[in-house]
$ cat my_file-v4.cif   # mmCIF, C-alpha atoms
data_protein
#
loop_
_atom_site.label_atom_id
_atom_site.label_comp_id
_atom_site.auth_asym_id
_atom_site.auth_seq_id
_atom_site.Cartn_x
_atom_site.Cartn_y
_atom_site.Cartn_z
CA MET A 1 97.90 120.92 97.92
CA LEU A 2 95.01 123.35 97.88
CA ARG A 3 93.46 121.43 95.01
CA GLN A 4 93.60 118.19 96.98
CA ILE A 5 91.98 119.76 100.04
CA ALA A 6 89.25 121.28 97.88
CA ALA A 7 88.68 117.96 96.12
CA THR A 8 88.46 116.11 99.44
CA ILE A 9 85.91 118.58 100.82
CA LEU A 10 83.89 118.35 97.63
CA ILE A 11 83.88 114.55 97.70
CA LEU A 12 82.87 114.49 101.37
CA LEU A 13 80.01 116.91 100.66
CA LEU A 14 78.85 114.82 97.71
CA GLY A 15 79.07 111.62 99.77
CA THR A 16 77.00 113.18 102.54
CA VAL A 17 74.31 114.19 100.07
CA LEU A 18 74.26 110.73 98.49
CA LEU A 19 74.12 108.97 101.87
CA TYR A 20 71.29 111.25 102.94
CA MET A 21 69.40 110.35 99.77
CA THR A 22 69.97 106.64 100.46
CA SER A 23 68.20 106.97 103.80
CA GLU A 24 65.12 108.25 101.97
CA MET A 25 64.92 105.15 99.76
CA PRO A 26 62.20 102.54 100.41
CA ARG A 27 63.13 99.50 102.44
CA PHE A 28 64.55 96.57 100.49
CA GLY A 29 61.99 93.81 99.92
CA ASP A 30 59.04 95.81 101.20
CA PRO A 31 55.88 94.62 99.42
CA GLY A 32 54.62 98.20 99.32
CA ASN A 33 57.56 99.40 97.23
CA PRO A 34 56.76 101.23 94.00
CA SER A 35 58.60 98.57 92.02
CA ASN A 36 56.28 95.84 93.29
CA ASN A 37 53.35 96.98 91.21
CA GLU A 38 50.68 95.06 89.35
CA LEU A 39 53.02 94.42 86.41
CA SER A 40 55.25 91.89 88.17
CA ALA A 41 52.19 90.24 89.71
CA ARG A 42 50.74 89.93 86.21
CA TYR A 43 53.94 88.29 84.99
CA THR A 44 54.21 85.79 87.83
CA ASP A 45 50.53 84.90 87.92
CA GLU A 46 49.68 84.45 84.27
CA VAL A 47 52.93 83.41 82.59
CA ILE A 48 51.79 79.78 82.25
CA GLU A 49 48.53 80.89 80.72
CA ASP A 50 50.16 83.36 78.33
CA VAL A 51 53.34 81.64 77.23
CA ASN A 52 53.13 78.11 78.72
CA VAL A 53 56.71 78.38 79.96
CA PRO A 54 57.83 77.89 83.59
CA ASN A 55 60.91 80.14 83.28
CA ILE A 56 59.51 83.62 83.77
CA VAL A 57 62.77 85.38 82.86
CA THR A 58 62.94 83.70 79.47
CA ALA A 59 59.25 84.38 78.94
CA ILE A 60 59.79 88.09 79.59
CA ILE A 61 62.91 88.24 77.40
CA THR A 62 61.54 86.42 74.37
CA ASP A 63 57.81 86.98 74.62
CA TYR A 64 56.66 90.03 76.57
CA ARG A 65 59.69 92.10 75.59
CA ALA A 66 60.77 90.45 72.37
CA TYR A 67 61.18 93.85 70.73
CA ASP A 68 63.83 94.68 73.31
CA THR A 69 65.64 91.40 72.63
CA LEU A 70 65.53 92.07 68.89
CA GLY A 71 67.24 95.37 69.64
CA GLU A 72 69.86 93.60 71.76
CA ALA A 73 70.55 91.14 68.96
CA THR A 74 70.94 94.08 66.60
CA VAL A 75 73.39 95.71 69.01
CA LEU A 76 75.47 92.52 69.06
CA PHE A 77 75.33 92.41 65.27
CA ALA A 78 76.43 96.03 64.94
CA GLY A 79 79.27 95.43 67.38
CA ILE A 80 80.56 92.41 65.53
CA VAL A 81 80.29 94.20 62.19
CA ALA A 82 82.38 97.03 63.61
CA VAL A 83 85.00 94.65 65.01
CA LEU A 84 85.25 92.66 61.79
CA THR A 85 85.44 95.85 59.75
CA VAL A 86 88.20 97.44 61.80
CA LEU A 87 90.28 94.49 63.02
CA ALA A 88 89.84 91.88 60.29
CA ALA A 89 90.30 94.32 57.41
CA HIS A 90 94.05 93.71 57.12
CA SER A 91 93.97 89.95 57.49
CA ASP A 92 92.50 89.20 54.08
CA VAL A 93 93.58 92.06 51.86
CA GLY A 94 92.37 91.54 48.34
CA ARG A 95 89.46 89.29 49.17
CA GLY A 96 86.87 92.04 48.92
CA THR A 97 88.64 94.29 46.44
CA LYS A 98 87.95 92.44 43.22
CA LYS A 99 84.97 94.58 42.37
CA ASP A 100 86.71 96.69 39.72
CA GLY A 101 87.25 93.70 37.41
CA MET B 1 100.97 78.20 75.87
CA ASP B 2 102.66 74.83 75.45
CA ASP B 3 101.55 72.90 78.48
CA LEU B 4 100.74 69.24 77.97
CA VAL B 5 98.64 68.94 81.13
CA LEU B 6 96.59 72.01 80.27
CA GLN B 7 96.08 70.90 76.68
CA THR B 8 95.00 67.39 77.66
CA ILE B 9 92.58 68.67 80.29
CA THR B 10 91.16 71.16 77.78
CA ARG B 11 90.65 68.42 75.19
CA ILE B 12 88.76 66.38 77.77
CA LEU B 13 86.71 69.28 79.18
CA MET B 14 85.68 71.04 75.98
CA PRO B 15 82.91 68.64 74.88
CA PHE B 16 81.38 68.69 78.36
CA ILE B 17 81.36 72.49 78.47
CA GLN B 18 79.81 72.64 75.03
CA VAL B 19 77.15 70.05 75.84
CA TYR B 20 76.30 72.00 78.98
CA GLY B 21 76.04 75.20 76.97
CA ILE B 22 73.73 73.55 74.45
CA PHE B 23 71.69 72.12 77.33
CA VAL B 24 71.27 75.57 78.88
CA ILE B 25 70.22 77.03 75.52
CA VAL B 26 67.78 74.27 74.59
CA ASN B 27 66.23 74.16 78.07
CA GLY B 28 66.18 77.94 78.24
CA HIS B 29 62.41 78.09 78.64
CA LEU B 30 62.30 75.42 81.36
CA SER B 31 65.29 75.88 83.66
CA PRO B 32 67.36 78.88 84.74
CA GLY B 33 69.47 80.13 81.89
CA GLY B 34 68.54 80.85 78.34
CA GLY B 35 70.08 82.17 75.19
CA PHE B 36 72.46 84.69 76.70
CA ALA B 37 73.80 82.43 79.46
CA GLY B 38 74.09 79.32 77.31
CA GLY B 39 75.71 81.22 74.47
CA THR B 40 78.31 82.61 76.84
CA ILE B 41 79.09 79.09 78.10
CA LEU B 42 79.47 77.85 74.51
CA GLY B 43 81.74 80.78 73.68
CA ALA B 44 83.77 80.24 76.86
CA SER B 45 84.69 76.74 75.71
CA VAL B 46 86.30 78.11 72.55
CA ILE B 47 87.96 80.90 74.58
CA LEU B 48 89.46 78.18 76.80
CA TYR B 49 90.72 76.46 73.64
CA ALA B 50 92.24 79.74 72.41
CA LEU B 51 93.98 80.38 75.74
CA THR B 52 95.33 76.84 76.00
CA PHE B 53 96.59 76.40 72.45
CA ASN B 54 96.77 79.72 70.62
CA VAL B 55 94.39 82.22 69.14
CA GLY B 56 95.17 81.10 65.59
CA ALA B 57 93.97 77.59 66.38
CA ALA B 58 90.71 79.00 67.71
CA GLU B 59 90.35 81.06 64.55
CA ASP B 60 90.78 77.92 62.48
CA LEU B 61 88.12 76.29 64.66
CA TYR B 62 85.71 79.19 64.16
CA PRO B 63 86.68 81.18 61.05
CA ASP B 64 85.44 84.64 60.19
CA ASP B 65 83.36 83.46 57.23
CA LEU B 66 81.36 81.19 59.52
CA ALA B 67 81.01 84.03 62.05
CA GLU B 68 79.62 86.34 59.36
CA ALA B 69 77.09 83.73 58.27
CA VAL B 70 76.01 82.85 61.82
CA GLU B 71 75.72 86.48 62.96
CA SER B 72 73.66 87.50 59.96
CA SER B 73 71.41 84.45 59.88
CA SER B 74 70.53 84.52 63.58
CA VAL B 75 69.28 88.11 63.39
CA LEU B 76 67.47 87.14 60.21
CA ILE B 77 65.82 84.19 61.98
CA PHE B 78 64.69 86.57 64.73
CA VAL B 79 63.08 88.92 62.23
CA LEU B 80 61.60 86.08 60.17
CA VAL B 81 59.99 84.61 63.29
CA GLY B 82 58.45 88.01 63.91
CA LEU B 83 57.23 88.24 60.33
CA PHE B 84 55.80 84.73 60.56
CA ALA B 85 53.52 86.03 63.31
CA ILE B 86 52.29 88.70 60.91
CA LEU B 87 51.65 85.97 58.34
CA MET B 88 49.51 84.14 60.90
CA GLY B 89 47.40 87.23 61.43
CA ALA B 90 48.92 88.68 64.61
CA ASN B 91 51.23 91.55 65.43
CA PHE B 92 54.99 91.48 64.89
CA LEU B 93 56.73 89.01 67.25
CA THR B 94 53.48 87.85 68.80
CA ASN B 95 53.90 84.42 70.37
CA ILE B 96 51.97 81.78 68.48
CA GLY B 97 51.72 78.21 69.74
CA ILE B 98 53.58 76.36 67.00
CA PHE B 99 53.98 73.15 69.02
CA PRO B 100 50.95 70.89 69.35
CA SER B 101 51.61 69.52 72.87
CA PRO B 102 50.20 71.90 75.46
CA GLU B 103 51.74 70.20 78.50
CA THR B 104 53.71 72.74 80.54
CA GLY B 105 57.31 71.89 81.36
CA THR B 106 58.13 69.69 78.37
CA LEU B 107 60.78 70.57 75.82
CA PHE B 108 58.54 71.39 72.86
CA THR B 109 56.39 74.08 74.43
CA GLY B 110 56.38 77.82 74.54
CA GLY B 111 55.77 78.61 70.90
CA PHE B 112 58.29 81.13 69.59
CA VAL B 113 60.28 81.17 72.83
CA THR B 114 62.29 78.09 71.83
CA PRO B 115 63.46 79.19 68.34
CA LEU B 116 64.19 82.71 69.58
CA THR B 117 66.26 81.33 72.48
CA LEU B 118 68.17 79.13 70.02
CA ALA B 119 68.90 82.10 67.75
CA ILE B 120 70.03 84.25 70.69
CA GLY B 121 72.27 81.48 72.03
CA VAL B 122 74.03 80.83 68.72
CA LYS B 123 74.46 84.54 68.17
CA VAL B 124 75.88 85.28 71.63
CA ALA B 125 78.33 82.37 71.30
CA SER B 126 79.48 83.62 67.92
CA THR B 127 79.85 87.19 69.19
CA VAL B 128 81.85 86.16 72.25
CA ILE B 129 84.23 84.01 70.21
CA THR B 130 84.74 86.54 67.42
CA LEU B 131 85.27 89.46 69.80
CA PHE B 132 87.79 87.46 71.80
CA THR B 133 89.80 86.16 68.88
CA HIS B 134 90.01 89.56 67.22
CA LEU B 135 90.67 91.67 70.30
CA PHE B 136 93.04 89.18 71.93
CA GLY B 137 94.92 87.84 68.95
CA GLU B 138 97.18 89.90 66.79
CA LYS B 139 96.72 88.90 63.20
CA LYS B 140 99.69 88.83 60.89
CA PRO B 141 99.20 91.21 57.98
#

$ encode --input "my_file-v4.cif" --output "structure tokens"
Amino acid sequence: MLRQIAATILILLLGTVLLYMTSEMPRFGDPGNPSNNELSARYTDEVIEDVNVPNIVTAIITDYRAYDTLGEATVLFAGIVAVLTVLAAHSDVGRGTKKDG
Amino acid sequence: MDDLVLQTITRILMPFIQVYGIFVIVNGHLSPGGGFAGGTILGASVILYALTFNVGAAEDLYPDDLAEAVESSSVLIFVLVGLFAILMGANFLTNIGIFPSPETGTLFTGGFVTPLTLAIGVKVASTVITLFTHLFGEKKP
């Protein structure tokens, strides 16, 4: 019982702090926000000149930040290697164990 | 699941879903979408097949050997495209205009964006299918 009361008070305190911090955040959609810097303007203004592609999202994914996408592809690859190693190991026993011959 | 209505509808719907997925991948640099979205749509069609028939049928449709080849080769294509840029005298993964037509908004524009989107799409589809069939289906030892 005491634990529950303590947990409730703690959660209320934490919620108050978080709500207070939310009120300090910049207004949504304000052009003066820190996220609306010259970088996004550069992307939207000169994407046709740079990449010659109307889809800005694809241009950012595969051109401006292609390194990042290469990393994502590697993450997918690592994940599938792990899944195939762990879960498909029993399905074809003997297929990969002929090395000692 | 042995439901005739479901199986018939799935047989009819699957090609349309797959064509739409391929459309989203191929037009990734022109319309909303791209490799990740289109690959997920492609994978969802095979997941629908697995749910309607059974997981073993989906594994016959997309076997592990094919998954290994597709997964490896699509990452390899990504890296080779990047190395091709080095060969042309630029930095790794620099976009080089490999298509001659400069008109914006047509299919064969965007340089490396198109092959990279294709590689991503095929890879995401393969990953989605393989993860689903292995995590959902219990293989017999």

$ residues_around --input "my_file-v4.cif" --residues "Asn55 (chain A)" --least-positions-apart "6" --cutoff "12 Å" --atoms "all atoms listed in the file" --output "MDAnalysis selection string"
(chainID A and resid 43:44 47:48 61:63) or (chainID B and resid 27:34 104:106 109:110 113:114)

$ resolve_selection --input "my_file-v4.cif" --expression "the PyMOL selection byres ((chain A) within 10 of (chain B))" --output "JSON, numbers by chain"
{"A": [48, 49, 50, 51, 52, 53, 54, 55, 56, 57, 58, 59, 60, 61, 62, 63, 64, 65, 66, 67, 69, 70, 71, 72, 73, 74, 76, 77, 78, 79, 80, 81, 83, 84, 86, 87, 88, 89, 90, 91, 92, 93]}

$ residues_near_point --input "my_file-v4.cif" --point "(91.2, 78.5, 67.4)" --cutoff "12 Å" --atoms "only C-alpha atoms" --output "list in words"
Gly43, Ser45, Val46, Ile47, Leu48, Tyr49, Ala50, Leu51, Thr52, Phe53, Asn54, Val55, Gly56, Ala57, Ala58, Glu59, Asp60, Leu61, Tyr62, Pro63, Asp64, Ile129, Thr130, Phe132, Thr133, His134, Phe136 and Gly137 of chain B

$ atom_distance --input "my_file-v4.cif" --atom1 "CA of Ile25 (chain B)" --atom2 "CA of Thr85 (chain A)"
28.9 Å

$ axis_aligned_box --input "my_file-v4.cif" --around "region 47-64 of chain A" --padding-each-side "6 Å" --output "lines of an AutoDock Vina configuration file"
center_x = 55.7
center_y = 84.0
center_z = 79.1
size_x = 26.4
size_y = 24.1
size_z = 21.4

$ atom_distance --input "my_file-v4.cif" --atom1 "CA of Tyr20 (chain B)" --atom2 "CA of Gly121 (chain B)"
12.4 Å

$ closest_residue --input "my_file-v4.cif" --among "B:Ser73, B:Asn91, B:Thr40, B:Gln7" --to "Val24 (chain B)" --atoms "only C-alpha atoms"
B:Thr40

$ atom_distance --input "my_file-v4.cif" --atom1 "CA of Asp65 (chain B)" --atom2 "CA of Thr8 (chain B)"
28.5 Å

$ closest_residue --input "my_file-v4.cif" --among "B:Ala37, B:Val122, B:Gly89, B:Ile9" --to "Ile77 (chain B)" --atoms "all atoms listed in the file"
B:Val122
